[in-house]
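Here's target03.csv, which has CSV, C-alpha atoms:
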chain,number,residue,atom,x,y,z
A,1,MET,CA,92.0,84.4,129.6
A,2,ASN,CA,95.7,83.7,130.2
A,3,SER,CA,98.5,84.6,127.7
A,4,ASP,CA,100.7,81.9,129.3
A,5,LEU,CA,100.6,78.4,127.7
A,6,GLN,CA,97.4,76.7,128.8
A,7,ARG,CA,98.3,73.3,127.6
A,8,ALA,CA,95.4,70.9,126.9
A,9,SER,CA,95.1,67.9,129.2
A,10,MET,CA,96.2,64.6,127.9
A,11,TRP,CA,92.8,63.1,128.4
A,12,LYS,CA,91.1,65.8,126.4
A,13,ARG,CA,93.6,65.4,123.7
A,14,ILE,CA,93.1,61.6,123.6
A,15,SER,CA,89.4,62.0,123.5
A,16,ALA,CA,89.5,64.5,120.7
A,17,PHE,CA,91.9,62.3,118.8
A,18,LEU,CA,89.7,59.2,119.1
A,19,PHE,CA,86.6,61.2,117.9
A,20,ASP,CA,88.5,62.7,115.0
A,21,PHE,CA,90.1,59.4,114.1
A,22,ILE,CA,86.7,57.7,113.9
A,23,MET,CA,85.3,60.5,111.8
A,24,LEU,CA,88.4,60.5,109.5
A,25,GLY,CA,88.0,56.8,109.0
A,26,ILE,CA,84.3,57.1,108.1
A,27,VAL,CA,85.1,59.8,105.5
A,28,ALA,CA,88.1,57.8,104.1
A,29,VAL,CA,86.0,54.7,103.7
A,30,LEU,CA,83.3,56.6,101.8
A,31,CYS,CA,85.9,58.2,99.6
A,32,ALA,CA,87.6,54.8,99.0
A,33,TRP,CA,84.3,53.3,98.0
A,34,LEU,CA,83.5,56.1,95.6
A,35,LEU,CA,87.0,56.1,94.0
A,36,SER,CA,87.1,52.3,93.7
A,37,SER,CA,83.7,52.4,91.9
A,38,LEU,CA,84.9,55.1,89.5
A,39,LEU,CA,88.2,53.3,88.8
A,40,GLY,CA,86.6,49.9,88.3
A,41,TYR,CA,88.5,48.1,91.1
A,42,ASP,CA,85.9,45.4,91.5
A,43,ARG,CA,86.3,44.3,87.8
A,44,TRP,CA,90.0,43.7,88.2
A,45,GLN,CA,89.6,42.0,91.5
A,46,ARG,CA,87.0,39.6,90.0
A,47,GLN,CA,89.3,38.9,87.0
A,48,LEU,CA,92.2,38.1,89.4
A,49,SER,CA,89.9,35.9,91.6
A,50,ASP,CA,88.8,34.0,88.4
A,51,GLY,CA,92.4,33.4,87.6
A,52,TYR,CA,93.1,32.0,91.1
A,53,ALA,CA,90.0,29.8,90.9
A,54,ARG,CA,90.8,28.5,87.3
A,55,TYR,CA,94.4,27.5,88.0
A,56,GLY,CA,93.5,26.2,91.5
A,57,GLU,CA,90.9,23.9,89.9
A,58,GLN,CA,93.2,22.9,87.1
A,59,TYR,CA,96.0,21.8,89.5
A,60,GLY,CA,93.8,20.6,92.3
A,61,VAL,CA,95.0,23.2,94.9
A,62,ASN,CA,93.7,26.2,96.8
A,63,LEU,CA,95.7,29.3,95.7
A,64,ARG,CA,94.2,31.3,98.6
A,65,MET,CA,95.0,28.9,101.4
A,66,SER,CA,95.9,30.1,104.9
A,67,LEU,CA,99.4,29.8,106.4
A,68,SER,CA,98.3,26.8,108.5
A,69,GLU,CA,96.9,25.1,105.5
A,70,TYR,CA,100.1,25.7,103.6
A,71,GLU,CA,102.2,24.3,106.4
A,72,ALA,CA,100.1,21.1,106.3
A,73,LEU,CA,100.7,20.4,102.6
A,74,THR,CA,102.4,17.2,101.5
A,75,GLU,CA,105.3,17.3,99.1
A,76,GLU,CA,103.1,16.3,96.2
A,77,GLU,CA,100.5,19.1,97.1
A,78,ASN,CA,103.3,21.6,97.5
A,79,ALA,CA,104.7,20.7,94.1
A,80,ARG,CA,101.3,21.1,92.5
A,81,LEU,CA,100.9,24.5,94.3
A,82,GLU,CA,104.2,25.7,92.8
A,83,GLU,CA,103.1,24.5,89.3
A,84,ALA,CA,99.8,26.4,89.7
A,85,PHE,CA,101.5,29.6,90.7
A,86,ASP,CA,104.0,29.2,87.9
A,87,ALA,CA,101.2,28.8,85.4
A,88,LEU,CA,99.3,31.8,86.9
A,89,SER,CA,102.4,34.0,86.6
A,90,LYS,CA,102.7,33.2,82.9
A,91,ASP,CA,99.1,34.1,82.2
A,92,PRO,CA,99.2,37.7,80.8
A,93,GLU,CA,95.6,38.5,81.7
A,94,ALA,CA,96.1,37.3,85.3
A,95,VAL,CA,99.4,39.2,85.7
A,96,HIS,CA,97.8,42.4,84.3
A,97,ALA,CA,94.8,42.0,86.7
A,98,TYR,CA,97.2,41.5,89.6
A,99,GLN,CA,99.2,44.6,88.7
A,100,MET,CA,96.0,46.6,88.3
A,101,VAL,CA,94.7,45.5,91.7
A,102,ILE,CA,97.9,46.6,93.4
A,103,GLN,CA,98.0,49.9,91.6
A,104,LEU,CA,94.4,50.7,92.2
A,105,THR,CA,94.7,49.7,95.8
A,106,ILE,CA,97.5,52.1,96.3
A,107,LEU,CA,95.8,54.9,94.3
A,108,THR,CA,92.5,54.5,96.1
A,109,LEU,CA,94.0,54.4,99.6
A,110,THR,CA,96.3,57.4,98.8
A,111,PHE,CA,93.6,59.7,97.5
A,112,ALA,CA,90.8,58.5,99.9
A,113,ILE,CA,93.0,59.3,102.9
A,114,LEU,CA,94.1,62.5,101.3
A,115,LEU,CA,90.6,63.7,100.7
A,116,ALA,CA,89.6,62.7,104.3
A,117,TYR,CA,92.5,64.7,105.7
A,118,ALA,CA,91.7,67.6,103.4
A,119,VAL,CA,88.1,67.8,104.7
A,120,MET,CA,88.4,66.8,108.4
A,121,GLU,CA,91.8,68.2,109.3
A,122,PHE,CA,92.2,71.2,107.0
A,123,ILE,CA,89.0,72.7,105.6
A,124,ILE,CA,86.9,72.2,108.7
A,125,PRO,CA,89.6,73.6,111.1
A,126,LEU,CA,90.0,76.6,108.8
A,127,ARG,CA,86.2,77.2,108.9
A,128,LEU,CA,85.9,76.7,112.7
A,129,GLY,CA,89.0,78.7,113.3
A,130,HIS,CA,92.0,78.2,115.6
A,131,GLY,CA,92.8,74.8,114.1
A,132,ARG,CA,89.7,73.2,115.7
A,133,THR,CA,88.6,69.9,114.3
A,134,LEU,CA,85.2,68.6,115.3
A,135,GLY,CA,86.8,66.6,118.1
A,136,LYS,CA,88.7,69.6,119.4
A,137,ARG,CA,85.6,71.8,119.3
A,138,ILE,CA,83.6,69.2,121.2
A,139,PHE,CA,86.3,68.8,123.9
A,140,GLY,CA,87.2,72.5,124.1
A,141,LEU,CA,90.6,72.4,122.4
A,142,ALA,CA,92.4,74.7,119.9
A,143,VAL,CA,95.7,74.8,118.1
A,144,MET,CA,98.0,77.8,118.0
A,145,GLN,CA,101.6,78.5,117.3
A,146,THR,CA,103.9,77.9,120.2
A,147,ASP,CA,104.5,81.7,120.5
A,148,GLY,CA,100.7,82.2,121.2
A,149,VAL,CA,99.8,83.5,117.8
A,150,LYS,CA,96.9,81.8,115.9
A,151,ILE,CA,97.8,79.2,113.4
A,152,THR,CA,97.8,80.3,109.7
A,153,ALA,CA,96.6,78.4,106.7
A,154,VAL,CA,100.2,77.7,105.8
A,155,GLY,CA,100.8,76.3,109.3
A,156,MET,CA,97.6,74.1,109.0
A,157,PHE,CA,98.8,72.9,105.6
A,158,ILE,CA,102.2,71.8,107.0
A,159,ARG,CA,100.6,70.3,110.1
A,160,THR,CA,97.9,68.4,108.2
A,161,PHE,CA,99.5,67.3,104.9
A,162,LEU,CA,103.2,67.0,105.6
A,163,GLY,CA,103.0,65.9,109.2
A,164,LYS,CA,99.7,63.9,109.7
A,165,TYR,CA,99.1,62.7,106.2
A,166,ALA,CA,102.5,62.1,104.7
A,167,ILE,CA,104.8,61.1,107.6
A,168,GLU,CA,102.4,59.8,110.2
A,169,THR,CA,99.9,58.0,108.0
A,170,MET,CA,100.8,57.3,104.4
A,171,ILE,CA,104.4,56.2,105.0
A,172,PRO,CA,103.3,53.5,107.5
A,173,VAL,CA,100.3,52.5,105.4
A,174,LEU,CA,102.4,52.0,102.2
A,175,ILE,CA,105.0,50.1,104.1
A,176,ILE,CA,102.4,47.8,105.6
A,177,LEU,CA,100.9,47.2,102.1
A,178,MET,CA,104.3,46.4,100.7
A,179,LEU,CA,105.1,44.0,103.6
A,180,TYR,CA,101.7,42.3,102.9
A,181,TRP,CA,102.6,41.9,99.2
A,182,GLY,CA,106.1,40.8,100.0
A,183,SER,CA,107.7,43.6,98.0
A,184,ILE,CA,109.8,45.2,100.7
A,185,GLY,CA,112.4,43.7,103.0
A,186,ILE,CA,113.8,44.6,106.4
A,187,VAL,CA,113.9,48.3,105.4
A,188,GLY,CA,110.1,48.6,105.9
A,189,PRO,CA,110.0,47.5,109.6
A,190,ILE,CA,113.1,49.6,110.3
A,191,VAL,CA,111.4,52.8,108.9
A,192,LEU,CA,108.3,52.0,110.9
A,193,LEU,CA,110.3,51.6,114.0
A,194,LEU,CA,112.2,54.9,113.4
A,195,ILE,CA,108.9,56.8,113.0
A,196,LEU,CA,107.6,55.3,116.3
A,197,ILE,CA,110.8,56.2,118.1
A,198,VAL,CA,110.8,59.8,116.8
A,199,GLN,CA,107.1,60.1,117.6
A,200,ALA,CA,107.7,58.9,121.2
A,201,ALA,CA,110.8,61.1,121.6
A,202,VAL,CA,108.9,64.2,120.4
A,203,LEU,CA,106.0,63.4,122.7
A,204,ILE,CA,108.2,62.8,125.8
A,205,GLY,CA,111.0,65.2,125.0
A,206,THR,CA,109.1,68.5,124.2
A,207,ARG,CA,107.7,70.7,126.9
A,208,THR,CA,104.4,70.8,125.0
A,209,ASN,CA,104.2,67.0,124.7
A,210,SER,CA,103.5,67.3,121.0
A,211,LEU,CA,103.8,65.0,118.1
A,212,ILE,CA,105.7,65.2,114.7
A,213,HIS,CA,103.0,67.2,113.0
A,214,ASP,CA,103.1,69.9,115.8
A,215,LEU,CA,106.9,69.9,115.7
A,216,LEU,CA,106.9,70.6,111.9
A,217,ALA,CA,104.3,73.3,112.1
A,218,ASN,CA,105.6,74.8,115.4
A,219,THR,CA,102.1,74.4,117.0
A,220,VAL,CA,100.6,73.2,120.2
A,221,ALA,CA,97.1,72.0,121.4
A,222,VAL,CA,95.7,74.3,124.1
A,223,ASP,CA,92.6,74.7,126.2
A,224,TYR,CA,90.4,77.0,124.1
A,225,ALA,CA,88.4,78.5,127.0
A,226,SER,CA,91.4,79.7,129.0
A,227,GLN,CA,94.1,80.4,126.4
A,228,MET,CA,94.6,83.8,125.0
A,229,ILE,CA,95.4,83.5,121.3
A,230,PHE,CA,96.7,86.5,119.4
A,231,ASP,CA,95.8,87.4,115.9
A,232,SER,CA,99.4,88.3,115.0
A,233,ARG,CA,102.9,88.4,116.4
A,234,GLU,CA,102.6,92.2,116.6
A,235,ASP,CA,99.5,92.0,118.7
A,236,MET,CA,101.3,89.5,121.0
A,237,ILE,CA,104.3,91.8,121.4
A,238,ALA,CA,102.2,94.9,122.0
A,239,TYR,CA,100.2,93.0,124.7
A,240,LYS,CA,103.3,91.8,126.5
A,241,GLU,CA,104.8,95.3,126.4
A,242,ARG,CA,101.6,96.7,127.8
A,243,MET,CA,101.6,94.1,130.6
A,244,HIS,CA,105.2,94.8,131.3
A,245,ALA,CA,104.6,98.6,131.5
A,246,GLU,CA,101.6,98.1,133.9
A,247,ALA,CA,103.7,95.8,136.1
A,248,ALA,CA,106.5,98.4,136.2
A,249,GLN,CA,104.0,101.1,137.2
A,250,ARG,CA,102.8,99.0,140.1
A,251,GLN,CA,106.4,98.5,141.4
A,252,PRO,CA,107.1,100.7,144.5
A,253,TYR,CA,109.8,103.3,144.0
Could I get this structure in the form of structure tokens?
Amino acid sequence: MNSDLQRASMWKRISAFLFDFIMLGIVAVLCAWLLSSLLGYDRWQRQLSDGYARYGEQYGVNLRMSLSEYEALTEEENARLEEAFDALSKDPEAVHAYQMVIQLTILTLTFAILLAYAVMEFIIPLRLGHGRTLGKRIFGLAVMQTDGVKITAVGMFIRTFLGKYAIETMIPVLIILMLYWGSIGIVGPIVLLLILIVQAAVLIGTRTNSLIHDLLANTVAVDYASQMIFDSREDMIAYKERMHAEAAQRQPY
């Protein structure tokens, strides 16, 4: 094994990422389904749908029409559509159902993704050791600090929850949701673009070709079979001093 940086190949990293992404998605969907059932999301969604159907039928319009259908409306149909939405917005039960759907959507997604990251990207790597997710174990990768010392639980926490979950996942997800609901302006796309630019800059500009989560945790993905990973900084220093002393002894006088 080599104490120098044995950086994992890009193809192995991509393969491990895709596998972990699929597994993370499966766990997140299962958690979202469970949470939505516990929180009664379907009940509020049905109540909101009933409101759309009721006012749509009353005013003779489809409140869930597509963009192409909306653009094809006549002036009279457009006027009836505005009246229907105005009446819907004054219905306290429909408004409350709409607010509950939005709040429960955000709550469910937030905690479902959090639980998925906690299991797949924190608990499992701690159990397998050396920051190895299922994908990293399959493709022979590990995670260590950039100085060659094994990653700690604190480092895994920063890498997973601050880097991957908060910055790289939840900020984009929440911005996309707010864009879908029309509750955020140009700031949302600007923030998304900045995250992409920073991610690309970190990937291209660092010698380890890492991402934001690695930059925050000061970690790097390496080839597990060939990389020497030290248990502590003291072990790493002692090893290098020993290697330096042995090299000095081999030097001719």
Exercise for review: Taking the point (91.4, 35.3, 95.7) as given in the file, collect each protein or nucleic acid residue that comes within 6 Å of it, counting all atoms listed in the file, and present the set as an NGL selection string.
Suggested key: :A and (49 or 52 or 64)
Check your understanding: Expressed in Å to a single decimal, how great is the separation between atom CA of Ala153 of chain A and atom CA of Ile124 of chain A?
Key ->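 Spanning atom CA of Ala153 of chain A to atom CA of Ile124 of chain A is a straight-line distance of 11.7 Å.
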Which residues of segment 132-168 of chain A come within 12 Å of segment 193-206 of chain A, and for each one, what is the closest pair of atoms and their distance in Å to one decimal, counting only C-alpha atoms, sorted by chain and residue number, as a tab-separated table?
residue	atom	partner	partner_atom	distance
A:Thr146	CA	A:Thr206	CA	11.5
A:Gly163	CA	A:Gln199	CA	11.0
A:Lys164	CA	A:Gln199	CA	11.5
A:Ala166	CA	A:Ile195	CA	11.7
A:Ile167	CA	A:Ile195	CA	8.0
A:Glu168	CA	A:Ile195	CA	7.7
For C-alpha atoms, I'd like the residues from the last selection saved as a PDB file, keeping the file's coordinate frame.
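Produced file result_7.pdb, reproduced below:
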ATOM      1  CA  THR A 146     103.900  77.900 120.200  1.00  0.00           C
ATOM      2  CA  GLY A 163     103.000  65.900 109.200  1.00  0.00           C
ATOM      3  CA  LYS A 164      99.700  63.900 109.700  1.00  0.00           C
ATOM      4  CA  ALA A 166     102.500  62.100 104.700  1.00  0.00           C
ATOM      5  CA  ILE A 167     104.800  61.100 107.600  1.00  0.00           C
ATOM      6  CA  GLU A 168     102.400  59.800 110.200  1.00  0.00           C
TER       7      GLU A 168
END
Review point. Near segment 95-108 of chain A, within 8 Å and counting only C-alpha atoms, which residues show up once chain neighbours fewer than 3 positions away are dropped, as a PyMOL selection string?
Key: chain A and resi 32+35-36+39+41+44-45+47-48+88-92+111-112+174
Review point. Any idea what's packed within 10 Å of Gln6 of chain A, counting all atoms listed in the file, ignoring anything in its chain fewer than 3 positions away? Could you give it as a ChimeraX atom specification?
Key: /A:1-3,9,148,208,220-228
Practice item. Please indicate the distance in Å from atom CA of Leu34 of chain A to atom CA of Ile22 of chain A, rounded to one decimal place. Key: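 That distance, rounded to one decimal, is 18.6 Å.
Pairwise distance (atom CA of His244 of chain A, atom CA of Asp147 of chain A) equals 17.0 Å.
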Point to revise | Of the listed residues A:Thr160, A:Ser183, A:Asn78, A:Gln145, that which approaches Ala116 of chain A most closely, counting only C-alpha atoms | key: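 When distances to Ala116 of chain A are compared using only C-alpha atoms, the smallest one comes from A:Thr160.
The smallest atom-to-atom distance between His130 of chain A and any of A:Tyr59, A:Val143, A:Asp235, A:Pro172, using only C-alpha atoms, is found for A:Val143.
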Please provide as a PDB file with C-alpha atoms, in the frame of the given file all residues within 12 Å of Met65 of chain A, with the sequence filter that same-chain residues fewer than 2 positions apart are discarded (counting only C-alpha atoms).
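Ended up saving to result21.pdb:
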ATOM      1  CA  TYR A  52      93.100  32.000  91.100  1.00  0.00           C
ATOM      2  CA  ALA A  53      90.000  29.800  90.900  1.00  0.00           C
ATOM      3  CA  GLY A  56      93.500  26.200  91.500  1.00  0.00           C
ATOM      4  CA  VAL A  61      95.000  23.200  94.900  1.00  0.00           C
ATOM      5  CA  ASN A  62      93.700  26.200  96.800  1.00  0.00           C
ATOM      6  CA  LEU A  63      95.700  29.300  95.700  1.00  0.00           C
ATOM      7  CA  LEU A  67      99.400  29.800 106.400  1.00  0.00           C
ATOM      8  CA  SER A  68      98.300  26.800 108.500  1.00  0.00           C
ATOM      9  CA  GLU A  69      96.900  25.100 105.500  1.00  0.00           C
ATOM     10  CA  TYR A  70     100.100  25.700 103.600  1.00  0.00           C
ATOM     11  CA  GLU A  71     102.200  24.300 106.400  1.00  0.00           C
ATOM     12  CA  ALA A  72     100.100  21.100 106.300  1.00  0.00           C
ATOM     13  CA  LEU A  73     100.700  20.400 102.600  1.00  0.00           C
ATOM     14  CA  ASN A  78     103.300  21.600  97.500  1.00  0.00           C
ATOM     15  CA  LEU A  81     100.900  24.500  94.300  1.00  0.00           C
TER      16      LEU A  81
END
Point to revise | Best match for closeness to Asp20 of chain A among A:Ala245, A:Ile138, A:Ile158, A:Ile151, counting only C-alpha atoms | key: A:Ile138
Check your understanding: With only C-alpha atoms as the atoms that count, which of A:Met178, A:Ile190, A:Leu216, A:Ile113 lies nearest to Leu30 of chain A?
Key ->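 Closest to Leu30 of chain A, using only C-alpha atoms: A:Ile113.
Using all atoms listed in the file, the nearest neighbour of Met120 of chain A within the list A:Ala94, A:Val27, A:Ile184, A:Ile237 is A:Val27.
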**Study point:** Proximity to Arg132 of chain A - best of A:Met23, A:Val29, A:Leu215, A:Met144, only C-alpha atoms
**Key:**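 Once distances to Arg132 of chain A are computed over only C-alpha atoms, the minimum belongs to A:Met144.
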